[in-house]
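Visitor: My questions all concern the structure below.
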Amino acid sequence: LPYRRLVEVELHHVDLGIGYGLDDLPAAFVTREIAFMAGVKLAGRAEVPALRLTASDGSSWRTGREDGDVTTVTGSPTDLLGWLVGRADGAGLEVRGASSGALLPALPPL
């Protein structure tokens with residue numbers, strides 16, 4: 001519970017628009033929150049396509065549906081987290097899918 005409270009504080013601090021942005025989040029926080037989003041919030045959800053998230057630091061997570069072609073989304077940990085939590089549009093992310101011209105999938109609201 002204390003960590004979930006920290007998540008609320010950190011992300012809502014970003015939401016305030018007072019100069020504290022996603023790039024100001026501690027690296028350990030970013031990595032842990034991506035793992036939570038991928039492993040708990042989005043895992044197994046029918047409305048989320050099969051995804052492989054690959055961070056530029058070498059970290060990788062699998063989330064979304066268990067079936068279907070996997071779309072790989074690659075970028076900095078901060079860009080990945082911003083997209084996953086709805087704080088960024090994913091413009092800094094690279095998308096590779098089973099078909100050429102793969103688009104960044106829309107995620108359901110949290």
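Chain lettering (A, B, ...) mirrors the order of the structure tokens, residue numbering begins at 1 for each chain separately, and ligand numbering begins at 1 in order of display.
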From segment 1-109 of chain A, collect each residue whose DSSP state is strand (DSSP E or B) and return the set as a ChimeraX atom specification.
Guide: /A:51-55,60-63,71-75,94-96
Visitor: When you look at segment 55-60 of chain A with a cut-off of 10 Å (counting only C-alpha atoms), what residues show up, excluding the ones that are within fewer than 6 positions of it in the same chain? I need them as number ranges by chain.
Guide: A: 31, 34-35, 38, 72-81, 93
Visitor: Next, dump the selected residues to file, keeping only all heavy atoms, as an mmCIF file, in the first residue's frame.
Guide:
```cif
data_model
loop_
_atom_site.group_PDB
_atom_site.id
_atom_site.type_symbol
_atom_site.label_atom_id
_atom_site.label_comp_id
_atom_site.auth_asym_id
_atom_site.auth_seq_id
_atom_site.Cartn_x
_atom_site.Cartn_y
_atom_site.Cartn_z
ATOM 1 N N THR A 31 11.057 1.905 -13.519
ATOM 2 C CA THR A 31 11.166 0.474 -13.807
ATOM 3 C C THR A 31 10.148 -0.339 -13.025
ATOM 4 O O THR A 31 9.486 -1.230 -13.577
ATOM 5 C CB THR A 31 12.594 -0.025 -13.487
ATOM 6 O OG1 THR A 31 13.522 0.723 -14.277
ATOM 7 C CG2 THR A 31 12.751 -1.502 -13.782
ATOM 8 N N ILE A 34 6.586 0.278 -14.488
ATOM 9 C CA ILE A 34 6.375 -0.430 -15.756
ATOM 10 C C ILE A 34 6.087 -1.899 -15.466
ATOM 11 O O ILE A 34 5.160 -2.490 -16.040
ATOM 12 C CB ILE A 34 7.589 -0.301 -16.699
ATOM 13 C CG1 ILE A 34 7.757 1.136 -17.182
ATOM 14 C CG2 ILE A 34 7.427 -1.239 -17.907
ATOM 15 C CD1 ILE A 34 9.049 1.382 -17.950
ATOM 16 N N ALA A 35 6.857 -2.499 -14.580
ATOM 17 C CA ALA A 35 6.648 -3.910 -14.227
ATOM 18 C C ALA A 35 5.253 -4.126 -13.642
ATOM 19 O O ALA A 35 4.583 -5.119 -13.956
ATOM 20 C CB ALA A 35 7.715 -4.373 -13.240
ATOM 21 N N ALA A 38 2.654 -3.720 -16.562
ATOM 22 C CA ALA A 38 2.718 -4.864 -17.477
ATOM 23 C C ALA A 38 2.265 -6.155 -16.799
ATOM 24 O O ALA A 38 1.536 -6.946 -17.396
ATOM 25 C CB ALA A 38 4.139 -5.023 -18.016
ATOM 26 N N THR A 72 5.790 -5.321 -30.633
ATOM 27 C CA THR A 72 6.887 -4.882 -29.782
ATOM 28 C C THR A 72 6.922 -3.363 -29.755
ATOM 29 O O THR A 72 6.918 -2.720 -30.800
ATOM 30 C CB THR A 72 8.233 -5.432 -30.293
ATOM 31 O OG1 THR A 72 8.176 -6.861 -30.298
ATOM 32 C CG2 THR A 72 9.385 -4.979 -29.414
ATOM 33 N N VAL A 73 6.937 -2.822 -28.559
ATOM 34 C CA VAL A 73 7.009 -1.377 -28.355
ATOM 35 C C VAL A 73 8.334 -1.103 -27.645
ATOM 36 O O VAL A 73 8.587 -1.652 -26.576
ATOM 37 C CB VAL A 73 5.819 -0.860 -27.525
ATOM 38 C CG1 VAL A 73 5.920 0.652 -27.334
ATOM 39 C CG2 VAL A 73 4.488 -1.231 -28.175
ATOM 40 N N THR A 74 9.163 -0.261 -28.261
ATOM 41 C CA THR A 74 10.507 -0.002 -27.757
ATOM 42 C C THR A 74 10.719 1.490 -27.534
ATOM 43 O O THR A 74 10.264 2.308 -28.329
ATOM 44 C CB THR A 74 11.563 -0.505 -28.775
ATOM 45 O OG1 THR A 74 11.314 -1.885 -29.047
ATOM 46 C CG2 THR A 74 12.967 -0.346 -28.249
ATOM 47 N N GLY A 75 11.407 1.808 -26.456
ATOM 48 C CA GLY A 75 11.735 3.199 -26.177
ATOM 49 C C GLY A 75 12.407 3.337 -24.835
ATOM 50 O O GLY A 75 12.729 2.341 -24.179
ATOM 51 N N SER A 76 12.598 4.558 -24.422
ATOM 52 C CA SER A 76 13.198 4.790 -23.109
ATOM 53 C C SER A 76 12.210 4.332 -22.040
ATOM 54 O O SER A 76 10.993 4.315 -22.271
ATOM 55 C CB SER A 76 13.518 6.273 -22.919
ATOM 56 O OG SER A 76 12.323 7.000 -22.706
ATOM 57 N N PRO A 77 12.702 3.949 -20.862
ATOM 58 C CA PRO A 77 11.780 3.572 -19.797
ATOM 59 C C PRO A 77 10.759 4.676 -19.489
ATOM 60 O O PRO A 77 9.568 4.397 -19.283
ATOM 61 C CB PRO A 77 12.708 3.310 -18.602
ATOM 62 C CG PRO A 77 14.004 2.909 -19.226
ATOM 63 C CD PRO A 77 14.102 3.747 -20.476
ATOM 64 N N THR A 78 11.201 5.909 -19.507
ATOM 65 C CA THR A 78 10.295 7.026 -19.220
ATOM 66 C C THR A 78 9.213 7.150 -20.282
ATOM 67 O O THR A 78 8.041 7.358 -19.958
ATOM 68 C CB THR A 78 11.093 8.343 -19.119
ATOM 69 O OG1 THR A 78 12.071 8.204 -18.096
ATOM 70 C CG2 THR A 78 10.197 9.507 -18.781
ATOM 71 N N ASP A 79 9.575 7.003 -21.551
ATOM 72 C CA ASP A 79 8.575 7.065 -22.623
ATOM 73 C C ASP A 79 7.585 5.917 -22.520
ATOM 74 O O ASP A 79 6.382 6.098 -22.731
ATOM 75 C CB ASP A 79 9.241 7.053 -23.999
ATOM 76 C CG ASP A 79 9.917 8.366 -24.353
ATOM 77 O OD1 ASP A 79 9.580 9.400 -23.727
ATOM 78 O OD2 ASP A 79 10.783 8.362 -25.245
ATOM 79 N N LEU A 80 8.082 4.725 -22.208
ATOM 80 C CA LEU A 80 7.181 3.577 -22.037
ATOM 81 C C LEU A 80 6.202 3.819 -20.898
ATOM 82 O O LEU A 80 4.990 3.620 -21.045
ATOM 83 C CB LEU A 80 7.984 2.298 -21.772
ATOM 84 C CG LEU A 80 8.701 1.685 -22.964
ATOM 85 C CD1 LEU A 80 9.667 0.589 -22.501
ATOM 86 C CD2 LEU A 80 7.701 1.124 -23.971
ATOM 87 N N LEU A 81 6.716 4.261 -19.748
ATOM 88 C CA LEU A 81 5.834 4.496 -18.605
ATOM 89 C C LEU A 81 4.817 5.581 -18.911
ATOM 90 O O LEU A 81 3.632 5.427 -18.604
ATOM 91 C CB LEU A 81 6.633 4.863 -17.355
ATOM 92 C CG LEU A 81 5.766 5.134 -16.124
ATOM 93 C CD1 LEU A 81 4.961 3.897 -15.729
ATOM 94 C CD2 LEU A 81 6.609 5.631 -14.968
ATOM 95 N N LEU A 93 8.167 6.420 -28.985
ATOM 96 C CA LEU A 93 8.256 4.962 -29.006
ATOM 97 C C LEU A 93 8.316 4.419 -30.428
ATOM 98 O O LEU A 93 7.724 4.997 -31.337
ATOM 99 C CB LEU A 93 7.059 4.360 -28.273
ATOM 100 C CG LEU A 93 6.910 4.758 -26.805
ATOM 101 C CD1 LEU A 93 5.611 4.232 -26.240
ATOM 102 C CD2 LEU A 93 8.102 4.281 -25.992
#
```
Visitor: Give the alpha helix (DSSP H) residues of chain A, as DSSP finds them on the backbone, and put them as a CSV table (one decimal) with C-alpha atoms, in the first residue's frame.
Guide:
```
chain,number,residue,atom,x,y,z
A,2,PRO,CA,2.7,2.6,0.7
A,3,TYR,CA,4.3,2.0,-2.7
A,4,ARG,CA,0.9,2.5,-4.4
A,5,ARG,CA,0.6,5.8,-2.5
A,6,LEU,CA,4.0,6.9,-3.8
A,7,VAL,CA,2.8,6.1,-7.3
A,8,GLU,CA,-0.2,8.5,-6.8
A,9,VAL,CA,2.1,11.2,-5.4
A,10,GLU,CA,4.7,10.9,-8.2
A,11,LEU,CA,2.3,10.7,-11.1
A,12,HIS,CA,0.0,13.4,-9.8
A,13,HIS,CA,3.1,15.6,-9.2
A,14,VAL,CA,3.7,15.2,-13.0
A,15,ASP,CA,0.0,16.1,-13.7
A,27,ALA,CA,14.7,5.5,-12.5
A,28,ALA,CA,14.0,2.8,-10.0
A,29,PHE,CA,10.4,4.1,-9.7
A,30,VAL,CA,9.9,4.1,-13.5
A,31,THR,CA,11.2,0.5,-13.8
A,32,ARG,CA,9.0,-0.8,-10.9
A,33,GLU,CA,5.9,0.9,-12.2
A,34,ILE,CA,6.4,-0.4,-15.8
A,35,ALA,CA,6.6,-3.9,-14.2
A,36,PHE,CA,3.4,-3.3,-12.3
A,77,PRO,CA,11.8,3.6,-19.8
A,78,THR,CA,10.3,7.0,-19.2
A,79,ASP,CA,8.6,7.1,-22.6
A,80,LEU,CA,7.2,3.6,-22.0
A,81,LEU,CA,5.8,4.5,-18.6
A,82,GLY,CA,4.3,7.8,-19.8
A,83,TRP,CA,2.4,5.9,-22.5
A,84,LEU,CA,1.3,3.0,-20.2
```
Visitor: Give me, please, the distance in Å between atom CA of Val95 of chain A and atom CA of Leu53 of chain A, quoted to one decimal.
Guide: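 Between atom CA of Val95 of chain A and atom CA of Leu53 of chain A the gap works out to 9.6 Å.
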Visitor: Determine the nearest neighbour of Met37 of chain A from the options A:Pro49, A:Gly97, A:Gly17, A:Gly64, counting only C-alpha atoms.
Guide: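 Counting only C-alpha atoms, the residue closest to Met37 of chain A is A:Gly64.
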